[in-house]
$ cat run_28.cif   # mmCIF, C-alpha atoms and all ligand atoms
data_query
#
loop_
_atom_site.group_PDB
_atom_site.id
_atom_site.type_symbol
_atom_site.label_atom_id
_atom_site.label_comp_id
_atom_site.auth_asym_id
_atom_site.auth_seq_id
_atom_site.Cartn_x
_atom_site.Cartn_y
_atom_site.Cartn_z
ATOM 1 C CA MET W 233 17.545 34.019 47.901
ATOM 2 C CA GLN W 234 17.667 35.257 44.350
ATOM 3 C CA ALA W 235 14.297 35.715 42.659
ATOM 4 C CA GLU W 236 13.700 33.282 39.833
ATOM 5 C CA ALA W 237 14.162 34.901 36.424
ATOM 6 C CA MET W 238 10.904 34.871 34.473
ATOM 7 C CA LEU W 239 10.301 35.037 30.758
ATOM 8 C CA GLN W 240 7.154 36.818 29.576
ATOM 9 C CA ILE W 241 5.843 34.920 26.558
ATOM 10 C CA PRO W 242 3.213 36.854 24.551
ATOM 11 C CA ARG W 243 0.125 34.874 23.501
ATOM 12 C CA ILE W 244 -2.689 36.101 21.272
ATOM 13 C CA GLY W 245 -6.297 34.903 21.128
ATOM 14 C CA MET W 246 -9.507 35.801 19.368
ATOM 15 C CA GLY W 247 -13.164 35.483 20.297
ATOM 16 C CA TYR W 248 -16.484 35.897 18.526
ATOM 17 C CA ASP W 249 -20.097 35.801 19.697
ATOM 18 C CA ALA W 250 -23.571 36.759 18.519
ATOM 19 C CA HIS W 251 -26.916 37.019 20.326
ATOM 20 C CA ARG W 252 -30.470 37.632 19.163
ATOM 21 C CA LEU W 253 -32.207 40.943 19.987
ATOM 22 C CA VAL W 254 -35.648 40.427 21.549
ATOM 23 C CA GLU W 255 -38.234 42.460 23.404
ATOM 24 C CA GLY W 256 -38.471 42.170 27.171
ATOM 25 C CA ARG W 257 -34.734 41.897 27.836
ATOM 26 C CA ASP W 258 -32.216 44.512 29.015
ATOM 27 C CA LEU W 259 -29.458 45.471 26.596
ATOM 28 C CA ILE W 260 -26.166 45.054 28.440
ATOM 29 C CA LEU W 261 -22.853 45.547 26.669
ATOM 30 C CA CYS W 262 -19.522 45.496 28.556
ATOM 31 C CA GLY W 263 -21.556 45.706 31.750
ATOM 32 C CA VAL W 264 -23.347 48.911 30.700
ATOM 33 C CA HIS W 265 -27.156 48.974 30.706
ATOM 34 C CA ILE W 266 -28.044 50.717 27.455
ATOM 35 C CA PRO W 267 -31.516 52.194 27.019
ATOM 36 C CA TYR W 268 -33.097 50.449 24.016
ATOM 37 C CA GLU W 269 -36.425 48.849 23.102
ATOM 38 C CA LYS W 270 -34.839 45.380 22.943
ATOM 39 C CA GLY W 271 -32.152 43.357 24.696
ATOM 40 C CA LEU W 272 -30.017 40.336 23.945
ATOM 41 C CA LEU W 273 -31.402 36.854 24.531
ATOM 42 C CA GLY W 274 -29.244 34.370 26.388
ATOM 43 C CA TYR W 275 -28.812 32.186 29.446
ATOM 44 C CA SER W 276 -26.644 34.751 31.251
ATOM 45 C CA ASP W 277 -27.159 38.488 30.765
ATOM 46 C CA ALA W 278 -26.108 37.802 27.132
ATOM 47 C CA ASP W 279 -23.376 40.459 27.188
ATOM 48 C CA VAL W 280 -22.096 39.553 23.742
ATOM 49 C CA ALA W 281 -19.065 41.867 23.954
ATOM 50 C CA LEU W 282 -17.775 40.352 27.199
ATOM 51 C CA HIS W 283 -18.413 36.851 25.858
ATOM 52 C CA ALA W 284 -16.182 37.612 22.859
ATOM 53 C CA LEU W 285 -13.555 39.117 25.176
ATOM 54 C CA MET W 286 -13.525 36.104 27.519
ATOM 55 C CA ASP W 287 -13.208 33.712 24.580
ATOM 56 C CA ALA W 288 -10.284 35.778 23.261
ATOM 57 C CA MET W 289 -8.569 35.614 26.663
ATOM 58 C CA LEU W 290 -9.208 31.885 27.051
ATOM 59 C CA GLY W 291 -8.136 31.312 23.451
ATOM 60 C CA ALA W 292 -4.802 33.030 24.053
ATOM 61 C CA ALA W 293 -4.216 30.688 26.989
ATOM 62 C CA ALA W 294 -5.542 27.656 25.052
ATOM 63 C CA MET W 295 -7.871 27.052 28.011
ATOM 64 C CA GLY W 296 -11.043 26.261 26.095
ATOM 65 C CA ASP W 297 -13.987 28.664 25.894
ATOM 66 C CA ILE W 298 -16.719 30.130 28.076
ATOM 67 C CA GLY W 299 -19.148 27.386 27.067
ATOM 68 C CA ILE W 300 -16.820 24.892 28.765
ATOM 69 C CA LEU W 301 -16.011 27.112 31.759
ATOM 70 C CA PHE W 302 -19.578 28.304 32.385
ATOM 71 C CA PRO W 303 -22.037 25.722 30.930
ATOM 72 C CA ASP W 304 -25.378 27.236 29.920
ATOM 73 C CA ASN W 305 -27.304 24.456 31.662
ATOM 74 C CA ALA W 306 -25.823 25.228 35.090
ATOM 75 C CA PRO W 307 -28.405 27.023 37.268
ATOM 76 C CA ALA W 308 -25.573 29.076 38.870
ATOM 77 C CA TYR W 309 -25.104 30.950 35.597
ATOM 78 C CA LYS W 310 -28.745 31.681 34.762
ATOM 79 C CA GLY W 311 -29.126 35.448 34.412
ATOM 80 C CA ILE W 312 -25.638 36.012 35.841
ATOM 81 C CA SER W 313 -23.774 39.232 35.095
ATOM 82 C CA SER W 314 -21.057 38.552 32.566
ATOM 83 C CA MET W 315 -18.848 40.978 34.532
ATOM 84 C CA LEU W 316 -18.718 38.272 37.232
ATOM 85 C CA LEU W 317 -17.813 35.680 34.605
ATOM 86 C CA LEU W 318 -15.065 37.995 33.329
ATOM 87 C CA ARG W 319 -13.638 38.316 36.831
ATOM 88 C CA GLU W 320 -13.685 34.519 37.221
ATOM 89 C CA THR W 321 -12.081 34.029 33.803
ATOM 90 C CA ASP W 322 -9.315 36.461 34.750
ATOM 91 C CA ARG W 323 -8.803 34.654 38.073
ATOM 92 C CA LYS W 324 -8.403 31.302 36.304
ATOM 93 C CA LEU W 325 -5.912 32.812 33.864
ATOM 94 C CA HIS W 326 -3.840 34.271 36.708
ATOM 95 C CA GLU W 327 -3.925 30.892 38.443
ATOM 96 C CA ASN W 328 -2.298 29.426 35.349
ATOM 97 C CA GLY W 329 0.385 32.091 35.049
ATOM 98 C CA PHE W 330 -1.299 34.334 32.479
ATOM 99 C CA ARG W 331 -2.106 38.034 32.652
ATOM 100 C CA LEU W 332 -3.798 40.293 30.128
ATOM 101 C CA ILE W 333 -1.578 42.782 28.291
ATOM 102 C CA ASN W 334 -4.300 44.400 26.185
ATOM 103 C CA ALA W 335 -7.597 43.680 24.454
ATOM 104 C CA ASP W 336 -9.522 45.145 21.543
ATOM 105 C CA ILE W 337 -13.265 44.542 21.125
ATOM 106 C CA THR W 338 -15.464 45.360 18.133
ATOM 107 C CA ILE W 339 -19.242 45.392 18.612
ATOM 108 C CA VAL W 340 -21.363 45.149 15.465
ATOM 109 C CA ALA W 341 -24.800 46.713 15.856
ATOM 110 C CA GLN W 342 -26.921 48.779 13.519
ATOM 111 C CA ARG W 343 -28.698 50.354 16.478
ATOM 112 C CA PRO W 344 -28.532 51.791 19.091
ATOM 113 C CA LYS W 345 -25.605 54.178 18.831
ATOM 114 C CA LEU W 346 -22.947 52.912 21.226
ATOM 115 C CA LEU W 347 -20.384 55.728 21.162
ATOM 116 C CA PRO W 348 -21.871 57.520 24.220
ATOM 117 C CA TYR W 349 -21.235 54.394 26.324
ATOM 118 C CA ARG W 350 -17.766 53.550 25.087
ATOM 119 C CA GLU W 351 -15.748 55.070 27.925
ATOM 120 C CA GLN W 352 -17.973 53.476 30.544
ATOM 121 C CA MET W 353 -17.539 50.111 28.814
ATOM 122 C CA ARG W 354 -13.738 50.458 28.782
ATOM 123 C CA ASN W 355 -13.740 51.576 32.387
ATOM 124 C CA ASN W 356 -15.893 48.621 33.517
ATOM 125 C CA ILE W 357 -13.528 46.129 31.928
ATOM 126 C CA ALA W 358 -10.339 47.853 33.105
ATOM 127 C CA GLN W 359 -11.603 48.021 36.693
ATOM 128 C CA THR W 360 -12.710 44.395 36.705
ATOM 129 C CA LEU W 361 -9.373 43.212 35.326
ATOM 130 C CA HIS W 362 -7.336 45.678 37.421
ATOM 131 C CA ILE W 363 -5.467 47.095 34.448
ATOM 132 C CA ASP W 364 -5.071 50.571 32.938
ATOM 133 C CA ILE W 365 -7.924 51.756 30.763
ATOM 134 C CA ASP W 366 -5.498 52.486 27.916
ATOM 135 C CA ARG W 367 -5.032 48.719 27.554
ATOM 136 C CA ILE W 368 -8.711 48.199 26.750
ATOM 137 C CA SER W 369 -10.205 49.257 23.431
ATOM 138 C CA VAL W 370 -13.917 49.087 22.616
ATOM 139 C CA LYS W 371 -15.072 49.939 19.118
ATOM 140 C CA ALA W 372 -18.509 49.850 17.510
ATOM 141 C CA THR W 373 -19.541 49.611 13.906
ATOM 142 C CA THR W 374 -22.612 48.954 11.774
ATOM 143 C CA THR W 375 -22.904 46.736 8.694
ATOM 144 C CA GLU W 376 -24.624 49.369 6.544
ATOM 145 C CA HIS W 377 -27.949 47.522 7.105
ATOM 146 C CA MET W 378 -26.589 44.214 5.751
ATOM 147 C CA GLY W 379 -26.937 40.842 7.514
ATOM 148 C CA PHE W 380 -28.465 40.020 10.914
ATOM 149 C CA GLU W 381 -26.800 42.921 12.699
ATOM 150 C CA GLY W 382 -27.888 45.285 9.950
ATOM 151 C CA THR W 383 -31.545 44.278 10.141
ATOM 152 C CA GLY W 384 -31.511 44.480 13.933
ATOM 153 C CA GLU W 385 -32.064 40.746 14.370
ATOM 154 C CA GLY W 386 -29.013 40.512 16.584
ATOM 155 C CA ILE W 387 -25.718 41.958 17.739
ATOM 156 C CA SER W 388 -22.312 40.373 17.308
ATOM 157 C CA ALA W 389 -18.923 41.098 18.780
ATOM 158 C CA SER W 390 -15.379 40.011 18.174
ATOM 159 C CA ALA W 391 -12.305 40.524 20.285
ATOM 160 C CA VAL W 392 -8.599 39.936 20.347
ATOM 161 C CA ALA W 393 -6.597 39.650 23.522
ATOM 162 C CA MET W 394 -2.864 39.577 24.170
ATOM 163 C CA LEU W 395 -1.729 37.724 27.260
ATOM 164 C CA ALA W 396 1.664 37.342 28.849
ATOM 165 C CA GLN W 397 2.592 33.909 30.106
ATOM 166 C CA GLU W 398 5.139 33.835 32.886
ATOM 167 C CA GLN W 399 7.662 31.084 32.364
ATOM 168 C CA GLY W 400 10.746 30.280 34.421
ATOM 169 C CA LEU W 401 14.077 30.516 32.555
HETATM 170 MG MG MG E 1 -22.665 34.418 24.277
#

$ encode --input "run_28.cif" --output "structure tokens" --more "lines below"
Ligand code: MG
Amino acid sequence: MQAEAMLQIPRIGMGYDAHRLVEGRDLILCGVHIPYEKGLLGYSDADVALHALMDAMLGAAAMGDIGILFPDNAPAYKGISSMLLLRETDRKLHENGFRLINADITIVAQRPKLLPYREQMRNNIAQTLHIDIDRISVKATTTEHMGFEGTGEGISASAVAMLAQEQGL
């Protein structure tokens, strides 16, 4: 039997998230525990970078957002690692005929310096999504002390993701 010819339709999505920095929480970005005097507040592990990435992926597929997929009043998600949520998001996308082509994340934080953790962040995501590390970009910037990121009140992240949708000819 001849294999069905498939079209690969590219789809782009964007995501944004912000969390408050507080004492007594671990700082976890792209699954990396980063030594710092504060961490991000949230129902899950508050991994703001992965939240932006998941929303970008879901946005590209027009499949809602992580608030719909993983409600923050469901006990199952309290304190959960966002790496697990990323894996589940990816599984749902595959189920619906989507796969990630590449993603680009920007984390906005005045402190701490994130460059030393960048490769580990990229590696975590690439391994979880089973794709080459050169398809995952993680960047970090400051806001020159302006706004909530600049004062250290919180950290934000944005992401874009390109998916391919498999469609029969
Ligand atoms: Mg969030």

$ closest_residue --input "run_28.cif" --among "W:Thr373, W:Asn355, W:Gln342, W:Ser390" --to "ligand MG 1 (chain E)" --atoms "all atoms listed in the file"
W:Ser390

$ residues_around --input "run_28.cif" --residues "stretch 261-275 of chain W" --least-positions-apart "5" --cutoff "10 Å" --atoms "only C-alpha atoms" --output "MDAnalysis selection string"
chainID W and resid 250:256 280:283 285 303:307 309:316 318 337 339 343:346 348:350 352:357 370 384:387 389

$ write_last_selection --input "run_28.cif" --atoms "C-alpha atoms" --output "JSON list (two decimals), in the frame of the given file"
[["chain", "number", "residue", "atom", "x", "y", "z"],
["W", 250, "ALA", "CA", -23.57, 36.76, 18.52],
["W", 251, "HIS", "CA", -26.92, 37.02, 20.33],
["W", 252, "ARG", "CA", -30.47, 37.63, 19.16],
["W", 253, "LEU", "CA", -32.21, 40.94, 19.99],
["W", 254, "VAL", "CA", -35.65, 40.43, 21.55],
["W", 255, "GLU", "CA", -38.23, 42.46, 23.40],
["W", 256, "GLY", "CA", -38.47, 42.17, 27.17],
["W", 280, "VAL", "CA", -22.10, 39.55, 23.74],
["W", 281, "ALA", "CA", -19.07, 41.87, 23.95],
["W", 282, "LEU", "CA", -17.77, 40.35, 27.20],
["W", 283, "HIS", "CA", -18.41, 36.85, 25.86],
["W", 285, "LEU", "CA", -13.56, 39.12, 25.18],
["W", 303, "PRO", "CA", -22.04, 25.72, 30.93],
["W", 304, "ASP", "CA", -25.38, 27.24, 29.92],
["W", 305, "ASN", "CA", -27.30, 24.46, 31.66],
["W", 306, "ALA", "CA", -25.82, 25.23, 35.09],
["W", 307, "PRO", "CA", -28.40, 27.02, 37.27],
["W", 309, "TYR", "CA", -25.10, 30.95, 35.60],
["W", 310, "LYS", "CA", -28.74, 31.68, 34.76],
["W", 311, "GLY", "CA", -29.13, 35.45, 34.41],
["W", 312, "ILE", "CA", -25.64, 36.01, 35.84],
["W", 313, "SER", "CA", -23.77, 39.23, 35.10],
["W", 314, "SER", "CA", -21.06, 38.55, 32.57],
["W", 315, "MET", "CA", -18.85, 40.98, 34.53],
["W", 316, "LEU", "CA", -18.72, 38.27, 37.23],
["W", 318, "LEU", "CA", -15.06, 37.99, 33.33],
["W", 337, "ILE", "CA", -13.26, 44.54, 21.12],
["W", 339, "ILE", "CA", -19.24, 45.39, 18.61],
["W", 343, "ARG", "CA", -28.70, 50.35, 16.48],
["W", 344, "PRO", "CA", -28.53, 51.79, 19.09],
["W", 345, "LYS", "CA", -25.60, 54.18, 18.83],
["W", 346, "LEU", "CA", -22.95, 52.91, 21.23],
["W", 348, "PRO", "CA", -21.87, 57.52, 24.22],
["W", 349, "TYR", "CA", -21.24, 54.39, 26.32],
["W", 350, "ARG", "CA", -17.77, 53.55, 25.09],
["W", 352, "GLN", "CA", -17.97, 53.48, 30.54],
["W", 353, "MET", "CA", -17.54, 50.11, 28.81],
["W", 354, "ARG", "CA", -13.74, 50.46, 28.78],
["W", 355, "ASN", "CA", -13.74, 51.58, 32.39],
["W", 356, "ASN", "CA", -15.89, 48.62, 33.52],
["W", 357, "ILE", "CA", -13.53, 46.13, 31.93],
["W", 370, "VAL", "CA", -13.92, 49.09, 22.62],
["W", 384, "GLY", "CA", -31.51, 44.48, 13.93],
["W", 385, "GLU", "CA", -32.06, 40.75, 14.37],
["W", 386, "GLY", "CA", -29.01, 40.51, 16.58],
["W", 387, "ILE", "CA", -25.72, 41.96, 17.74],
["W", 389, "ALA", "CA", -18.92, 41.10, 18.78]]

$ resolve_selection --input "run_28.cif" --expression "the PyMOL selection byres (((chain W and resi 367) around 9) and not hetatm)" --output "list in words"
Leu332, Ile333, Asn334, Ala335, Asp336, Arg354, Ala358, Ile363, Asp364, Ile365, Asp366, Ile368 and Ser369 of chain W

$ write_last_selection --input "run_28.cif" --atoms "C-alpha atoms" --output "PDB file, in the frame of the given file"
ATOM      1  CA  LEU W 332      -3.798  40.293  30.128  1.00  0.00           C
ATOM      2  CA  ILE W 333      -1.578  42.782  28.291  1.00  0.00           C
ATOM      3  CA  ASN W 334      -4.300  44.400  26.185  1.00  0.00           C
ATOM      4  CA  ALA W 335      -7.597  43.680  24.454  1.00  0.00           C
ATOM      5  CA  ASP W 336      -9.522  45.145  21.543  1.00  0.00           C
ATOM      6  CA  ARG W 354     -13.738  50.458  28.782  1.00  0.00           C
ATOM      7  CA  ALA W 358     -10.339  47.853  33.105  1.00  0.00           C
ATOM      8  CA  ILE W 363      -5.467  47.095  34.448  1.00  0.00           C
ATOM      9  CA  ASP W 364      -5.071  50.571  32.938  1.00  0.00           C
ATOM     10  CA  ILE W 365      -7.924  51.756  30.763  1.00  0.00           C
ATOM     11  CA  ASP W 366      -5.498  52.486  27.916  1.00  0.00           C
ATOM     12  CA  ILE W 368      -8.711  48.199  26.750  1.00  0.00           C
ATOM     13  CA  SER W 369     -10.205  49.257  23.431  1.00  0.00           C
TER      14      SER W 369
END

$ closest_residue --input "run_28.cif" --among "W:Met295, W:Ala284, W:Ile260, W:Leu301" --to "ligand MG 1 (chain E)" --atoms "all atoms listed in the file"
W:Ala284

$ closest_residue --input "run_28.cif" --among "W:Ala393, W:Lys324, W:Gly329, W:Asp279" --to "W:Ile241" --atoms "all atoms listed in the file"
W:Gly329

$ closest_residue --input "run_28.cif" --among "W:Val340, W:Ser388, W:Arg319, W:Met378" --to "ligand MG 1 (chain E)" --atoms "only C-alpha atoms and all ligand atoms"
W:Ser388

$ atom_distance --input "run_28.cif" --atom1 "atom CA of W:Gly379" --atom2 "atom CA of W:Val392"
22.4 Å

$ atom_distance --input "run_28.cif" --atom1 "atom CA of W:Gly291" --atom2 "atom CA of W:Phe330"
11.7 Å

$ atom_distance --input "run_28.cif" --atom1 "atom CA of W:Ala278" --atom2 "atom CA of W:Ala396"
27.8 Å

$ residues_around --input "run_28.cif" --residues "W:Phe302" --least-positions-apart "6" --cutoff "10 Å" --atoms "only C-alpha atoms" --output "PDB file with C-alpha atoms, in the coordinates of the input"
ATOM      1  CA  SER W 276     -26.644  34.751  31.251  1.00  0.00           C
ATOM      2  CA  ALA W 308     -25.573  29.076  38.870  1.00  0.00           C
ATOM      3  CA  TYR W 309     -25.104  30.950  35.597  1.00  0.00           C
ATOM      4  CA  LEU W 317     -17.813  35.680  34.605  1.00  0.00           C
ATOM      5  CA  GLU W 320     -13.685  34.519  37.221  1.00  0.00           C
ATOM      6  CA  THR W 321     -12.081  34.029  33.803  1.00  0.00           C
TER       7      THR W 321
END

$ closest_residue --input "run_28.cif" --among "W:Ala294, W:Tyr248, W:His326, W:Thr360" --to "ligand MG 1 (chain E)" --atoms "all atoms listed in the file"
W:Tyr248

$ residues_near_point --input "run_28.cif" --point "(8.8, 26.3, 30.9)" --cutoff "12 Å" --atoms "all atoms listed in the file" --output "ChimeraX atom specification"
/W:237-241,329,397-401

$ residues_around --input "run_28.cif" --residues "W:Ala292" --least-positions-apart "4" --cutoff "8 Å" --atoms "all atoms listed in the file" --output "list in words"
Arg243, Ile244, Gly245, Met246, Ala288, Ala393, Met394 and Leu395 of chain W

$ closest_residue --input "run_28.cif" --among "W:Gly296, W:Gly382, W:Pro242, W:Gly247" --to "ligand MG 1 (chain E)" --atoms "only C-alpha atoms and all ligand atoms"
W:Gly247

$ axis_aligned_box --input "run_28.cif" --around "stretch 382-391 of chain W" --padding-each-side "5 Å" --output "AutoDock Vina command-line options"
--center_x -22.2 --center_y 42.6 --center_z 15.1 --size_x 29.8 --size_y 15.3 --size_z 20.3

$ decode --input "run_28.cif" --residues "stretch 356-385 of chain W" --atoms "N, CA and C atoms" --output "PDB file, in the first residue's frame"
ATOM      1  N   ASN W 356      17.665  20.877  28.504  1.00  0.00           N
ATOM      2  CA  ASN W 356      16.475  20.354  29.198  1.00  0.00           C
ATOM      3  C   ASN W 356      15.271  20.316  28.256  1.00  0.00           C
ATOM      4  N   ILE W 357      15.061  21.404  27.564  1.00  0.00           N
ATOM      5  CA  ILE W 357      13.895  21.506  26.679  1.00  0.00           C
ATOM      6  C   ILE W 357      14.034  20.545  25.507  1.00  0.00           C
ATOM      7  N   ALA W 358      15.215  20.532  24.886  1.00  0.00           N
ATOM      8  CA  ALA W 358      15.439  19.674  23.714  1.00  0.00           C
ATOM      9  C   ALA W 358      15.239  18.202  24.077  1.00  0.00           C
ATOM     10  N   GLN W 359      15.746  17.804  25.238  1.00  0.00           N
ATOM     11  CA  GLN W 359      15.611  16.406  25.660  1.00  0.00           C
ATOM     12  C   GLN W 359      14.149  16.050  25.927  1.00  0.00           C
ATOM     13  N   THR W 360      13.453  16.963  26.592  1.00  0.00           N
ATOM     14  CA  THR W 360      12.045  16.708  26.910  1.00  0.00           C
ATOM     15  C   THR W 360      11.191  16.600  25.651  1.00  0.00           C
ATOM     16  N   LEU W 361      11.519  17.411  24.649  1.00  0.00           N
ATOM     17  CA  LEU W 361      10.720  17.427  23.422  1.00  0.00           C
ATOM     18  C   LEU W 361      11.286  16.490  22.355  1.00  0.00           C
ATOM     19  N   HIS W 362      12.402  15.824  22.680  1.00  0.00           N
ATOM     20  CA  HIS W 362      13.048  14.906  21.734  1.00  0.00           C
ATOM     21  C   HIS W 362      13.372  15.579  20.409  1.00  0.00           C
ATOM     22  N   ILE W 363      13.964  16.763  20.473  1.00  0.00           N
ATOM     23  CA  ILE W 363      14.419  17.411  19.248  1.00  0.00           C
ATOM     24  C   ILE W 363      15.852  17.910  19.438  1.00  0.00           C
ATOM     25  N   ASP W 364      16.499  18.258  18.331  1.00  0.00           N
ATOM     26  CA  ASP W 364      17.895  18.721  18.402  1.00  0.00           C
ATOM     27  C   ASP W 364      17.985  20.038  19.167  1.00  0.00           C
ATOM     28  N   ILE W 365      19.076  20.175  19.893  1.00  0.00           N
ATOM     29  CA  ILE W 365      19.256  21.388  20.706  1.00  0.00           C
ATOM     30  C   ILE W 365      19.349  22.642  19.834  1.00  0.00           C
ATOM     31  N   ASP W 366      19.792  22.485  18.587  1.00  0.00           N
ATOM     32  CA  ASP W 366      19.911  23.677  17.730  1.00  0.00           C
ATOM     33  C   ASP W 366      18.552  24.205  17.270  1.00  0.00           C
ATOM     34  N   ARG W 367      17.479  23.534  17.676  1.00  0.00           N
ATOM     35  CA  ARG W 367      16.132  24.037  17.373  1.00  0.00           C
ATOM     36  C   ARG W 367      15.549  24.837  18.540  1.00  0.00           C
ATOM     37  N   ILE W 368      16.287  24.870  19.637  1.00  0.00           N
ATOM     38  CA  ILE W 368      15.808  25.568  20.837  1.00  0.00           C
ATOM     39  C   ILE W 368      16.752  26.708  21.181  1.00  0.00           C
ATOM     40  N   SER W 369      16.208  27.920  21.216  1.00  0.00           N
ATOM     41  CA  SER W 369      16.994  29.090  21.589  1.00  0.00           C
ATOM     42  C   SER W 369      16.469  29.645  22.911  1.00  0.00           C
ATOM     43  N   VAL W 370      17.384  29.949  23.813  1.00  0.00           N
ATOM     44  CA  VAL W 370      17.021  30.629  25.067  1.00  0.00           C
ATOM     45  C   VAL W 370      17.903  31.866  25.182  1.00  0.00           C
ATOM     46  N   LYS W 371      17.251  33.013  25.321  1.00  0.00           N
ATOM     47  CA  LYS W 371      17.986  34.264  25.461  1.00  0.00           C
ATOM     48  C   LYS W 371      17.559  34.928  26.772  1.00  0.00           C
ATOM     49  N   ALA W 372      18.436  35.791  27.281  1.00  0.00           N
ATOM     50  CA  ALA W 372      18.094  36.524  28.508  1.00  0.00           C
ATOM     51  C   ALA W 372      18.476  37.980  28.318  1.00  0.00           C
ATOM     52  N   THR W 373      17.653  38.843  28.883  1.00  0.00           N
ATOM     53  CA  THR W 373      17.966  40.265  28.810  1.00  0.00           C
ATOM     54  C   THR W 373      17.509  40.947  30.096  1.00  0.00           C
ATOM     55  N   THR W 374      17.977  42.164  30.309  1.00  0.00           N
ATOM     56  CA  THR W 374      17.497  42.982  31.421  1.00  0.00           C
ATOM     57  C   THR W 374      16.633  44.092  30.825  1.00  0.00           C
ATOM     58  N   THR W 375      16.080  44.947  31.701  1.00  0.00           N
ATOM     59  CA  THR W 375      15.347  46.115  31.192  1.00  0.00           C
ATOM     60  C   THR W 375      16.034  47.396  31.645  1.00  0.00           C
ATOM     61  N   GLU W 376      17.355  47.294  31.890  1.00  0.00           N
ATOM     62  CA  GLU W 376      18.097  48.494  32.327  1.00  0.00           C
ATOM     63  C   GLU W 376      17.426  49.114  33.560  1.00  0.00           C
ATOM     64  N   HIS W 377      17.006  48.249  34.486  1.00  0.00           N
ATOM     65  CA  HIS W 377      16.408  48.653  35.778  1.00  0.00           C
ATOM     66  C   HIS W 377      15.025  49.278  35.659  1.00  0.00           C
ATOM     67  N   MET W 378      14.410  49.223  34.475  1.00  0.00           N
ATOM     68  CA  MET W 378      13.059  49.795  34.326  1.00  0.00           C
ATOM     69  C   MET W 378      11.997  48.719  34.543  1.00  0.00           C
ATOM     70  N   GLY W 379      10.827  49.124  35.058  1.00  0.00           N
ATOM     71  CA  GLY W 379       9.680  48.225  35.171  1.00  0.00           C
ATOM     72  C   GLY W 379       9.856  47.147  36.232  1.00  0.00           C
ATOM     73  N   PHE W 380       8.878  46.202  36.281  1.00  0.00           N
ATOM     74  CA  PHE W 380       8.879  45.219  37.383  1.00  0.00           C
ATOM     75  C   PHE W 380      10.040  44.237  37.299  1.00  0.00           C
ATOM     76  N   GLU W 381      10.492  43.949  36.082  1.00  0.00           N
ATOM     77  CA  GLU W 381      11.664  43.064  35.978  1.00  0.00           C
ATOM     78  C   GLU W 381      12.906  43.822  36.447  1.00  0.00           C
ATOM     79  N   GLY W 382      12.945  45.092  36.084  1.00  0.00           N
ATOM     80  CA  GLY W 382      14.124  45.912  36.387  1.00  0.00           C
ATOM     81  C   GLY W 382      14.320  46.165  37.862  1.00  0.00           C
ATOM     82  N   THR W 383      13.192  46.254  38.608  1.00  0.00           N
ATOM     83  CA  THR W 383      13.297  46.477  40.050  1.00  0.00           C
ATOM     84  C   THR W 383      13.457  45.167  40.806  1.00  0.00           C
ATOM     85  N   GLY W 384      13.326  44.051  40.103  1.00  0.00           N
ATOM     86  CA  GLY W 384      13.434  42.749  40.765  1.00  0.00           C
ATOM     87  C   GLY W 384      12.136  42.280  41.375  1.00  0.00           C
ATOM     88  N   GLU W 385      11.034  42.943  41.039  1.00  0.00           N
ATOM     89  CA  GLU W 385       9.726  42.528  41.563  1.00  0.00           C
ATOM     90  C   GLU W 385       9.283  41.204  40.934  1.00  0.00           C
TER      91      GLU W 385
END
